[in-house]
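Novice: Structure file my_file01.txt (compact mmCIF, C-alpha atoms) is given on the next line.
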# COMPACT_ATOMS: atom_id res chain seq x y z
CA MET A 29 0.00 0.00 0.00
CA ASN A 30 2.56 2.58 1.00
CA SER A 31 5.50 3.12 -1.29
CA LYS A 32 8.12 3.41 1.43
CA LYS A 33 11.34 2.82 -0.41
CA LYS A 34 14.60 4.18 0.91
CA VAL A 35 13.20 6.20 3.77
CA SER A 36 16.16 7.80 5.54
CA MET A 37 16.94 6.61 9.05
CA ALA A 38 16.71 10.21 10.25
CA VAL A 39 13.01 10.14 9.37
CA VAL A 40 12.50 6.68 10.88
CA LYS A 41 14.10 7.81 14.13
CA ARG A 42 11.56 10.63 14.39
CA LEU A 43 8.55 8.31 14.04
CA PRO A 44 8.46 7.11 17.67
CA ARG A 45 8.22 10.73 18.78
CA TYR A 46 5.23 11.36 16.47
CA TYR A 47 3.72 8.20 17.85
CA ARG A 48 4.09 9.39 21.44
CA TYR A 49 2.60 12.81 20.72
CA LEU A 50 -0.32 11.28 18.87
CA ALA A 51 -0.96 8.93 21.81
CA ASP A 52 -1.16 12.01 24.05
CA LEU A 53 -3.58 13.73 21.67
CA LEU A 54 -5.77 10.63 21.60
CA LYS A 55 -5.84 10.60 25.40
CA LEU A 56 -6.90 14.25 25.34
CA GLY A 57 -9.77 13.33 23.00
CA ILE A 58 -8.44 15.41 20.11
CA ILE A 59 -9.81 14.02 16.85
CA ARG A 60 -7.95 15.99 14.23
CA ILE A 61 -4.92 18.23 14.08
CA SER A 62 -3.17 20.37 11.47
CA SER A 63 0.53 19.97 10.77
CA LYS A 64 0.95 23.51 12.13
CA GLU A 65 -0.69 22.69 15.48
CA LEU A 66 1.20 19.42 15.75
CA SER A 67 4.49 21.15 14.99
CA ASP A 68 3.81 23.78 17.67
CA ARG A 69 3.30 21.06 20.24
CA MET A 70 6.36 19.13 19.15
CA GLY A 71 8.69 22.10 18.75
CA THR A 72 9.36 21.34 15.09
CA THR A 73 8.08 22.81 11.80
CA ALA A 74 4.91 22.00 9.88
CA SER A 75 6.97 21.46 6.75
CA GLN A 76 9.18 18.91 8.51
CA ILE A 77 6.11 16.98 9.61
CA ARG A 78 4.59 17.02 6.13
CA GLN A 79 7.90 15.96 4.56
CA ASP A 80 8.39 13.14 7.07
CA LEU A 81 4.89 11.76 6.69
CA ASN A 82 5.00 12.09 2.92
CA CYS A 83 7.75 9.46 2.94
CA PHE A 84 5.04 6.98 3.86
CA GLY A 85 2.24 8.27 1.69
CA GLY A 86 1.05 11.40 3.52
CA PHE A 87 -2.04 10.61 5.60
CA GLY A 88 -3.10 14.28 5.71
CA GLN A 89 -5.86 16.08 3.84
CA GLN A 90 -5.65 19.62 2.55
CA GLY A 91 -7.82 21.87 4.72
CA TYR A 92 -8.54 19.14 7.24
CA GLY A 93 -5.18 18.15 8.62
CA TYR A 94 -4.62 14.76 10.13
CA ASN A 95 -7.11 12.44 11.75
CA VAL A 96 -5.28 11.70 14.99
CA GLU A 97 -6.42 8.11 15.42
CA VAL A 98 -5.79 7.15 11.79
CA LEU A 99 -2.32 8.70 11.85
CA TYR A 100 -1.52 7.07 15.19
CA ASN A 101 -2.51 3.65 13.86
CA GLU A 102 -0.66 4.13 10.58
CA ILE A 103 2.58 5.13 12.30
CA GLY A 104 2.16 2.18 14.65
CA LYS A 105 1.89 -0.11 11.62
CA ILE A 106 4.95 1.46 9.97
CA LEU A 107 6.87 0.86 13.21
CA GLY A 108 5.74 -2.77 13.18
CA LEU A 109 3.92 -2.45 16.50
CA GLN A 110 1.17 -4.81 15.35
CA ASN A 111 3.71 -7.62 15.64
CA GLU A 112 4.58 -9.41 18.82
CA TYR A 113 8.31 -9.55 19.35
CA ARG A 114 9.38 -12.28 21.72
CA THR A 115 12.29 -10.75 23.52
CA VAL A 116 15.01 -11.95 25.88
CA ILE A 117 17.36 -10.01 28.12
CA LEU A 118 20.97 -11.17 28.15
CA GLY A 119 22.60 -10.01 31.38
CA ALA A 120 20.53 -9.75 34.56
CA GLY A 121 22.52 -6.94 36.18
CA ASN A 122 20.97 -3.62 37.16
CA MET A 123 20.36 -2.51 33.58
CA GLY A 124 18.87 -5.87 32.62
CA GLN A 125 16.59 -5.77 35.66
CA ALA A 126 15.61 -2.18 34.94
CA LEU A 127 14.61 -3.17 31.40
CA ALA A 128 12.68 -6.21 32.66
CA ASN A 129 10.67 -3.87 34.89
CA TYR A 130 10.06 -1.22 32.23
CA ALA A 131 6.35 -1.58 31.55
CA ASN A 132 6.36 0.41 28.34
CA PHE A 133 7.99 -2.28 26.21
CA GLU A 134 5.17 -4.76 26.67
CA LYS A 135 2.66 -2.13 25.57
CA ARG A 136 4.63 -1.77 22.32
CA GLY A 137 4.54 -5.50 21.61
CA TYR A 138 7.95 -6.41 23.01
CA LYS A 139 7.20 -9.33 25.30
CA ILE A 140 10.04 -10.32 27.62
CA VAL A 141 9.96 -14.11 27.66
CA GLY A 142 13.38 -14.95 29.12
CA ILE A 143 16.30 -13.51 31.09
CA PHE A 144 19.76 -15.04 30.97
CA ASP A 145 23.00 -14.67 32.88
CA ILE A 146 26.03 -16.76 33.81
CA ARG A 147 26.46 -15.78 37.48
CA PRO A 148 25.38 -18.64 39.80
CA GLU A 149 24.10 -16.22 42.46
CA ILE A 150 21.46 -14.81 40.15
CA ILE A 151 20.39 -17.95 38.23
CA GLY A 152 16.95 -19.04 39.46
CA LYS A 153 16.12 -15.63 40.90
CA LYS A 154 12.78 -14.25 39.69
CA ILE A 155 12.57 -10.88 38.00
CA LYS A 156 8.99 -9.88 37.27
CA ASP A 157 7.87 -13.52 37.37
CA ILE A 158 10.59 -14.63 35.00
CA GLU A 159 13.23 -16.96 36.36
CA VAL A 160 16.77 -16.05 35.35
CA MET A 161 18.24 -18.92 33.33
CA HIS A 162 21.81 -19.92 32.65
CA MET A 163 23.18 -19.01 29.22
CA ASP A 164 23.70 -22.76 28.64
CA LYS A 165 19.98 -22.93 27.94
CA PHE A 166 19.90 -19.92 25.64
CA GLU A 167 20.14 -21.53 22.18
CA ASP A 168 17.43 -24.12 22.91
CA PHE A 169 15.19 -21.47 24.40
CA VAL A 170 15.45 -19.24 21.33
CA LYS A 171 14.34 -22.12 19.13
CA THR A 172 11.49 -23.41 21.27
CA HIS A 173 10.16 -19.96 22.13
CA ARG A 174 10.71 -18.39 18.72
CA VAL A 175 12.58 -15.43 20.20
CA SER A 176 13.35 -12.62 17.75
CA ILE A 177 14.93 -9.86 19.85
CA ALA A 178 17.69 -9.79 22.45
CA MET A 179 18.43 -6.85 24.72
CA ILE A 180 22.11 -7.08 25.55
CA THR A 181 23.15 -5.72 28.93
CA VAL A 182 26.28 -7.74 29.61
CA PRO A 183 29.61 -6.11 30.51
CA TYR A 184 31.27 -4.07 27.75
CA GLU A 185 34.02 -6.56 26.89
CA LYS A 186 31.59 -9.48 26.61
CA THR A 187 29.21 -7.69 24.27
CA PRO A 188 30.57 -8.73 20.83
CA GLU A 189 30.84 -12.38 21.91
CA VAL A 190 27.31 -12.48 23.36
CA ALA A 191 25.90 -10.63 20.34
CA THR A 192 27.52 -13.14 18.00
CA ARG A 193 26.11 -16.01 19.99
CA ALA A 194 22.63 -14.44 19.81
CA ALA A 195 22.85 -13.94 16.05
CA ARG A 196 24.00 -17.55 15.56
CA ALA A 197 21.10 -18.78 17.66
CA GLY A 198 18.67 -17.10 15.26
CA ILE A 199 17.94 -13.78 16.97
CA LYS A 200 16.96 -11.18 14.37
CA GLY A 201 17.30 -7.93 16.28
CA LEU A 202 19.82 -6.84 18.91
CA TRP A 203 19.40 -3.91 21.24
CA ASN A 204 22.83 -3.15 22.63
CA PHE A 205 23.41 -1.16 25.82
CA SER A 206 27.21 -1.23 25.85
CA PRO A 207 28.73 2.09 24.82
CA MET A 208 29.96 0.91 21.42
CA ASP A 209 28.69 0.85 17.85
CA LEU A 210 28.35 -2.91 17.79
CA GLU A 211 28.99 -4.54 14.43
CA ILE A 212 29.06 -8.28 13.79
CA PRO A 213 29.21 -10.13 10.46
CA TYR A 214 25.71 -11.58 10.70
CA ASP A 215 22.40 -10.76 9.11
CA VAL A 216 20.92 -9.15 12.19
CA VAL A 217 19.48 -5.68 12.86
CA ILE A 218 21.41 -3.84 15.57
CA GLU A 219 20.25 -0.79 17.47
CA ASN A 220 22.87 0.71 19.76
CA VAL A 221 21.83 2.71 22.81
CA HIS A 222 24.35 5.40 23.65
CA LEU A 223 23.28 6.71 27.02
CA SER A 224 26.22 9.11 27.30
CA ASP A 225 25.14 10.87 24.11
CA GLY A 226 22.06 12.32 25.78
CA LEU A 227 24.13 13.40 28.73
CA MET A 228 26.56 15.19 26.42
CA VAL A 229 23.70 17.01 24.72
CA LEU A 230 22.57 18.11 28.19
CA GLY A 231 26.13 19.30 28.85
CA TYR A 232 26.12 21.27 25.61
CA CYS A 233 22.89 23.06 26.55
CA LEU A 234 24.17 23.84 30.05
CA ASN A 235 27.44 25.13 28.64
CA GLU A 236 25.60 27.34 26.15
CA LYS A 237 23.54 28.78 28.97
CA LEU A 238 26.62 29.43 31.07
CA GLN A 239 28.28 31.30 28.23
CA ASN A 240 25.19 33.44 27.79
CA GLN A 241 25.19 34.27 31.49
CA LYS A 242 28.92 34.95 31.72
CA GLY A 243 30.42 36.77 34.66
CA LYS A 244 30.16 34.05 37.24
CA GLY A 245 33.52 32.74 36.08
CA ASN A 246 33.01 29.38 37.72
CA LYS A 247 34.30 26.36 35.88
CA ILE A 248 32.55 23.92 38.16
CA VAL A 249 28.99 24.34 36.99
CA MET B 24 36.09 32.35 19.38
CA ASN B 25 33.49 30.30 17.54
CA SER B 26 30.42 32.04 16.25
CA LYS B 27 27.95 29.33 17.20
CA LYS B 28 24.65 31.10 17.22
CA LYS B 29 21.42 29.21 16.70
CA VAL B 30 22.89 25.83 15.96
CA SER B 31 20.00 23.45 15.42
CA MET B 32 19.47 20.71 17.99
CA ALA B 33 19.62 18.16 15.19
CA VAL B 34 23.27 19.12 14.67
CA VAL B 35 23.99 19.20 18.41
CA LYS B 36 22.54 15.71 18.81
CA ARG B 37 24.99 14.42 16.20
CA LEU B 38 28.07 15.80 17.99
CA PRO B 39 28.41 13.01 20.59
CA ARG B 40 28.58 10.51 17.75
CA TYR B 41 31.40 12.45 16.04
CA TYR B 42 33.10 12.58 19.39
CA ARG B 43 32.92 8.80 19.82
CA TYR B 44 34.21 8.09 16.33
CA LEU B 45 37.09 10.53 16.77
CA ALA B 46 37.98 8.85 20.08
CA ASP B 47 38.19 5.53 18.21
CA LEU B 48 40.40 7.08 15.50
CA LEU B 49 42.71 8.51 18.17
CA LYS B 50 43.01 5.08 19.77
CA LEU B 51 43.91 3.66 16.36
CA GLY B 52 46.67 6.29 16.05
CA ILE B 53 45.09 8.00 13.06
CA ILE B 54 46.31 11.60 12.89
CA ARG B 55 44.24 13.10 10.11
CA ILE B 56 41.12 12.17 8.21
CA SER B 57 39.13 13.58 5.30
CA SER B 58 35.43 14.25 5.59
CA LYS B 59 34.96 11.52 2.97
CA GLU B 60 36.82 8.87 5.00
CA LEU B 61 35.08 9.92 8.19
CA SER B 62 31.69 9.78 6.49
CA ASP B 63 32.40 6.28 5.16
CA ARG B 64 33.18 5.07 8.67
CA MET B 65 30.15 6.76 10.16
CA GLY B 66 27.69 5.80 7.43
CA THR B 67 26.83 9.40 6.65
CA THR B 68 27.84 11.83 3.88
CA ALA B 69 30.91 14.06 3.65
CA SER B 70 28.70 17.04 2.97
CA GLN B 71 26.71 16.40 6.13
CA ILE B 72 29.91 16.33 8.17
CA ARG B 73 31.22 19.54 6.60
CA GLN B 74 27.87 21.27 7.10
CA ASP B 75 27.63 20.15 10.72
CA LEU B 76 31.14 21.21 11.63
CA ASN B 77 30.81 24.50 9.77
CA CYS B 78 28.17 25.46 12.33
CA PHE B 79 31.03 25.77 14.79
CA GLY B 80 33.66 27.30 12.56
CA GLY B 81 34.79 24.39 10.41
CA PHE B 82 38.05 22.94 11.80
CA GLY B 83 38.99 21.35 8.44
CA GLN B 84 41.54 22.45 5.89
CA GLN B 85 41.12 22.12 2.13
CA GLY B 86 43.33 19.30 0.85
CA TYR B 87 44.30 18.16 4.34
CA GLY B 88 41.07 17.18 5.99
CA TYR B 89 40.73 17.20 9.75
CA ASN B 90 43.39 16.79 12.38
CA VAL B 91 41.78 14.06 14.51
CA GLU B 92 43.09 15.22 17.87
CA VAL B 93 42.27 18.89 17.28
CA LEU B 94 38.76 18.05 16.10
CA TYR B 95 38.23 15.65 19.02
CA ASN B 96 39.26 18.33 21.51
CA GLU B 97 37.19 21.05 19.83
CA ILE B 98 34.04 18.93 19.81
CA GLY B 99 34.72 18.06 23.45
CA LYS B 100 34.87 21.76 24.25
CA ILE B 101 31.67 22.48 22.33
CA LEU B 102 29.98 19.71 24.32
CA GLY B 103 31.24 21.31 27.53
CA LEU B 104 33.24 18.22 28.52
CA GLN B 105 36.00 20.36 30.02
CA ASN B 106 33.58 21.19 32.83
CA GLU B 107 32.98 19.01 35.82
CA TYR B 108 29.30 18.42 36.40
CA ARG B 109 28.48 17.37 39.92
CA THR B 110 25.63 14.97 39.45
CA VAL B 111 23.09 13.23 41.68
CA ILE B 112 20.82 10.30 40.98
CA LEU B 113 17.27 10.62 42.26
CA GLY B 114 15.78 7.15 42.63
CA ALA B 115 18.02 4.24 43.61
CA GLY B 116 16.04 1.51 41.86
CA ASN B 117 17.51 -0.70 39.17
CA MET B 118 17.87 2.09 36.63
CA GLY B 119 19.44 4.43 39.20
CA GLN B 120 21.86 1.72 40.23
CA ALA B 121 22.68 0.90 36.62
CA LEU B 122 23.50 4.56 35.98
CA ALA B 123 25.63 4.77 39.15
CA ASN B 124 27.67 1.86 37.84
CA TYR B 125 28.01 3.18 34.30
CA ALA B 126 31.70 4.08 34.11
CA ASN B 127 31.43 6.17 30.96
CA PHE B 128 29.77 9.16 32.63
CA GLU B 129 32.72 9.88 34.91
CA LYS B 130 35.05 9.90 31.90
CA ARG B 131 32.87 12.61 30.36
CA GLY B 132 33.06 14.81 33.44
CA TYR B 133 29.77 13.79 35.04
CA LYS B 134 30.75 12.96 38.60
CA ILE B 135 28.10 11.15 40.63
CA VAL B 136 28.32 12.71 44.09
CA GLY B 137 25.03 11.62 45.65
CA ILE B 138 22.18 9.11 45.33
CA PHE B 139 18.77 9.73 46.87
CA ASP B 140 15.64 7.71 47.52
CA ILE B 141 12.76 7.62 49.99
CA ARG B 142 12.50 3.88 50.65
CA PRO B 143 13.81 3.00 54.13
CA GLU B 144 15.15 -0.37 52.97
CA ILE B 145 17.60 1.23 50.58
CA ILE B 146 18.67 4.32 52.55
CA GLY B 147 22.21 3.79 53.88
CA LYS B 148 23.02 1.09 51.32
CA LYS B 149 26.21 1.74 49.38
CA ILE B 150 26.22 1.87 45.60
CA LYS B 151 29.70 2.25 44.17
CA ASP B 152 30.96 3.74 47.47
CA ILE B 153 28.15 6.25 47.66
CA GLU B 154 25.67 5.89 50.47
CA VAL B 155 22.05 6.28 49.43
CA MET B 156 20.58 9.26 51.30
CA HIS B 157 17.01 10.16 52.14
CA MET B 158 15.40 12.84 49.96
CA ASP B 159 15.00 14.89 53.15
CA LYS B 160 18.67 15.77 52.80
CA PHE B 161 18.50 16.59 49.11
CA GLU B 162 18.13 20.39 49.16
CA ASP B 163 20.97 20.93 51.64
CA PHE B 164 23.19 18.55 49.73
CA VAL B 165 22.67 20.40 46.43
CA LYS B 166 23.77 23.64 48.07
CA THR B 167 26.78 22.36 49.97
CA HIS B 168 28.03 20.19 47.10
CA ARG B 169 27.21 22.61 44.30
CA VAL B 170 25.32 19.95 42.34
CA SER B 171 24.30 20.95 38.81
CA ILE B 172 22.76 17.84 37.26
CA ALA B 173 20.15 15.35 38.45
CA MET B 174 19.43 12.04 36.76
CA ILE B 175 15.81 11.23 37.53
CA THR B 176 14.94 7.55 37.76
CA VAL B 177 11.93 7.66 40.09
CA PRO B 178 8.59 6.03 39.17
CA TYR B 179 6.70 7.62 36.29
CA GLU B 180 4.00 9.34 38.34
CA LYS B 181 6.53 10.90 40.73
CA THR B 182 8.68 12.37 37.99
CA PRO B 183 7.16 15.87 37.58
CA GLU B 184 7.09 16.41 41.36
CA VAL B 185 10.71 15.27 41.86
CA ALA B 186 11.87 17.30 38.84
CA THR B 187 10.20 20.41 40.24
CA ARG B 188 11.84 19.86 43.59
CA ALA B 189 15.24 19.50 41.90
CA ALA B 190 14.78 22.69 39.88
CA ARG B 191 13.73 24.60 43.01
CA ALA B 192 16.80 23.32 44.83
CA GLY B 193 19.01 24.90 42.17
CA ILE B 194 19.73 21.99 39.83
CA LYS B 195 20.46 23.29 36.31
CA GLY B 196 20.11 20.18 34.19
CA LEU B 197 17.70 17.24 34.43
CA TRP B 198 18.14 13.92 32.72
CA ASN B 199 14.77 12.22 32.81
CA PHE B 200 14.32 8.47 32.36
CA SER B 201 10.54 8.33 32.67
CA PRO B 202 8.83 7.82 29.32
CA MET B 203 7.43 11.37 29.06
CA ASP B 204 8.50 14.65 27.55
CA LEU B 205 8.97 16.30 30.92
CA GLU B 206 8.19 20.01 31.05
CA ILE B 207 8.23 22.15 34.17
CA PRO B 208 7.95 25.94 34.48
CA TYR B 209 11.53 26.46 35.69
CA ASP B 210 14.72 27.68 34.08
CA VAL B 211 16.29 24.27 33.80
CA VAL B 212 17.64 22.27 30.86
CA ILE B 213 15.81 18.96 30.42
CA GLU B 214 16.95 16.00 28.37
CA ASN B 215 14.41 13.20 28.13
CA VAL B 216 15.55 9.64 27.51
CA HIS B 217 12.99 7.65 25.57
CA LEU B 218 14.21 4.08 25.73
CA SER B 219 11.21 2.71 23.84
CA ASP B 220 12.02 4.91 20.86
CA GLY B 221 15.15 2.92 20.06
CA LEU B 222 13.22 -0.30 20.41
CA MET B 223 10.57 0.97 17.99
CA VAL B 224 13.26 1.85 15.45
CA LEU B 225 14.57 -1.69 15.84
CA GLY B 226 11.01 -2.93 15.24
CA TYR B 227 10.75 -0.82 12.10
CA CYS B 228 13.95 -2.29 10.67
CA LEU B 229 12.85 -5.84 11.49
CA ASN B 230 9.45 -5.23 9.94
CA GLU B 231 11.06 -3.82 6.78
CA LYS B 232 13.22 -6.91 6.52
CA LEU B 233 10.23 -9.17 6.99
CA GLN B 234 8.34 -7.44 4.22
CA ASN B 235 11.30 -7.86 1.90
CA GLN B 236 11.44 -11.56 2.70
CA LYS B 237 7.69 -12.18 2.39
CA GLY B 238 6.28 -15.62 2.10
CA LYS B 239 6.74 -16.79 5.64
CA GLY B 240 3.38 -15.33 6.55
CA ASN B 241 4.10 -15.45 10.26
CA LYS B 242 2.83 -12.57 12.35
CA ILE B 243 4.88 -13.56 15.35
CA VAL B 244 8.35 -12.54 14.21
If you convert what's in this file into structure tokens, what do you get?

Specialist:
Amino acid sequence: MNSKKKVSMAVVKRLPRYYRYLADLLKLGIIRISSKELSDRMGTTASQIRQDLNCFGGFGQQGYGYNVEVLYNEIGKILGLQNEYRTVILGAGNMGQALANYANFEKRGYKIVGIFDIRPEIIGKKIKDIEVMHMDKFEDFVKTHRVSIAMITVPYEKTPEVATRAARAGIKGLWNFSPMDLEIPYDVVIENVHLSDGLMVLGYCLNEKLQNQKGKGNKIV
Amino acid sequence: MNSKKKVSMAVVKRLPRYYRYLADLLKLGIIRISSKELSDRMGTTASQIRQDLNCFGGFGQQGYGYNVEVLYNEIGKILGLQNEYRTVILGAGNMGQALANYANFEKRGYKIVGIFDIRPEIIGKKIKDIEVMHMDKFEDFVKTHRVSIAMITVPYEKTPEVATRAARAGIKGLWNFSPMDLEIPYDVVIENVHLSDGLMVLGYCLNEKLQNQKGKGNKIV
């Protein structure tokens, strides 16, 4: 139906934000919205919104704007949210446990079905009703439970090895939390989370502010 | 020195990635690099790189390219990494503990000096040599330790209230981990982390792949 060839990743990465704003509008009972109104709310431009959505066929109508529910559902479909992604967490440390407890993923169709680790003291422990299993059982589990996504929260130096093992086991998408641009020679989609990046953007904005308010002369901000 | 007025946030958000790639080049002992070579490594275009860096004055030389170390240091300065940001974590749950243990922040100048919570069972516990304190002590601590950044990892519904309290206490930058675009009527810089967004991008890429490999007809991917 939609002729979405070669959509740039920059556009794709903006879709979740549209999706979140549209969810808020739906909750507020707003039925339709113009690209101008939506851009005001989102702090972007109407032309950016029209350009982005045109990559997928438009969805708007001249003089009417967008039907919020239709647009919300269409973006959800584009993002593949109608699918159920059986997901495992590799590494049951603090980050792994935080992800297991993050309710939002389930709402988006990412169902955590298994948690794995290698540390004896954590194997068998329950995290949100899921028993932590030893990595020895990982490959079999992926097959029997048709797992498609792995969230990788193992220590930095173990990440490439664990990612490779996941790809070999048949995992199709990896979500990597180690601060590296993970690349492995397998046909697997990788999304790297770079937590420090957001912090650096925060630092930039603080630094900008400081420079605009000069005179305090204090390097420790 | 640099005439960086009105740089778009899209450009700013790309700077940490340049910074990471340049760090890797430095480690590899590479002294200079052309925008073309850099763009090949980063999966972007040379013109994008030149445009982005021109926002801050350029740094490249025709026929030479970029001096890796100089560019690395300049981007670090733009990102304010020469500053030390005294940082607290509000909420010592799994995410708070994961952040406390994330070594990369310290390297970037974000020094975790305090961790706060309200749950009696966790107050007094040590996380990476820092004793978790009760929120009762938060305001005094911010003043005496000149804290400028708070990472907020409290439950969703508590986030606006805790953020407001932090801003009132004199915190200048908030890093919010609750899945909301936090807005409060205070002069404070806010950076929202939307973990689900990355997961949805991963879903998009998987879905695209599925559609290109049609025929399996299986909704559970």

Novice: Write down, as a count of residues only, each residue of chain A that has any atom within 8 Å of an atom of chain B, counting only C-alpha atoms.

Specialist: 47

Novice: Between B:Gly88, B:Pro208, B:Gly83, B:Pro143, which has the minimum distance to B:Thr187 (counting all atoms listed in the file)?

Specialist: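 Among B:Gly88, B:Pro208, B:Gly83, B:Pro143, it is B:Pro208 that comes nearest to B:Thr187.
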
Novice: So what do you get for atom CA of A:Glu97 versus atom CA of A:Ile59, distance-wise?

Specialist: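 Computing it gives 7.0 Å between the two atoms.
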
Novice: Excluding same-chain residues fewer than 4 positions from B:Gly81, what lies within 12 Å of it counting all atoms listed in the file, as number ranges by chain?

Specialist: B: 25-27, 58, 72-77, 85, 88-90, 93-94, 97-98

Novice: B:Glu206, B:Asn199, B:Phe139, B:Gly147: which is nearest B:Asp159, counting all atoms listed in the file?

Specialist: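 Looking at the shortest contact to B:Asp159, the residue is B:Phe139.
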
Novice: Find, counting all atoms listed in the file, the residue in A:Gly85, A:Pro183, A:Gly91, A:Gly142 that gets nearest to A:Ile61.

Specialist: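 When distances to A:Ile61 are compared using all atoms listed in the file, the smallest one comes from A:Gly91.
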
Novice: So what do you get for atom CA of B:Phe161 versus atom CA of B:Ala192, distance-wise?

Specialist: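 Atom-to-atom, atom CA of B:Phe161 and atom CA of B:Ala192 are spaced 8.2 Å apart.
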
Novice: Of the candidates A:Val170, A:Ile117, A:Ile212, A:Val141, which shows the shortest atom-to-atom distance to A:Gly198, using all atoms listed in the file?

Specialist: A:Val170

Novice: Would you compute the distance between atom CA of B:Asp210 and atom CA of B:Ala173? Give it in Å to one decimal.

Specialist: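 A separation of 14.2 Å between them.
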
Novice: Between A:Ile146, A:Gln241, A:His162, A:Gly119, which has the minimum distance to A:Tyr184 (counting all atoms listed in the file)?

Specialist: A:Gly119

Novice: So, counting all atoms listed in the file, which residue among A:Thr181, A:Glu134, A:Tyr46, A:Asn240 is closest to A:Gly71?

Specialist: A:Tyr46

Novice: Compile the contact shell of B:Val185 as a list in words: residues with an atom at most 10 Å away, counting only C-alpha atoms, same-chain residues fewer than 3 positions apart removed.

Specialist: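 With the cut-off at 10 Å, the set is Leu113, Gly114, Met158, Ile175, Thr176, Val177, Pro178, Glu180, Lys181, Thr182, Arg188, Ala189, Ala190 and Arg191 of chain B.
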
Novice: Using 6 Å of padding on each side, determine the axis-aligned box around all atoms of stretch 174-190 of chain B present in the file and give its centre and edge lengths in Å to one decimal, as AutoDock Vina command-line options.

Specialist:
--center_x 11.7 --center_y 14.4 --center_z 39.9 --size_x 27.4 --size_y 28.7 --size_z 19.3

Novice: Neighbours of A:Ile151 within 7 Å (all atoms listed in the file; same-chain residues fewer than 5 positions away dropped), as a ChimeraX atom specification?

Specialist: /A:145,160-162
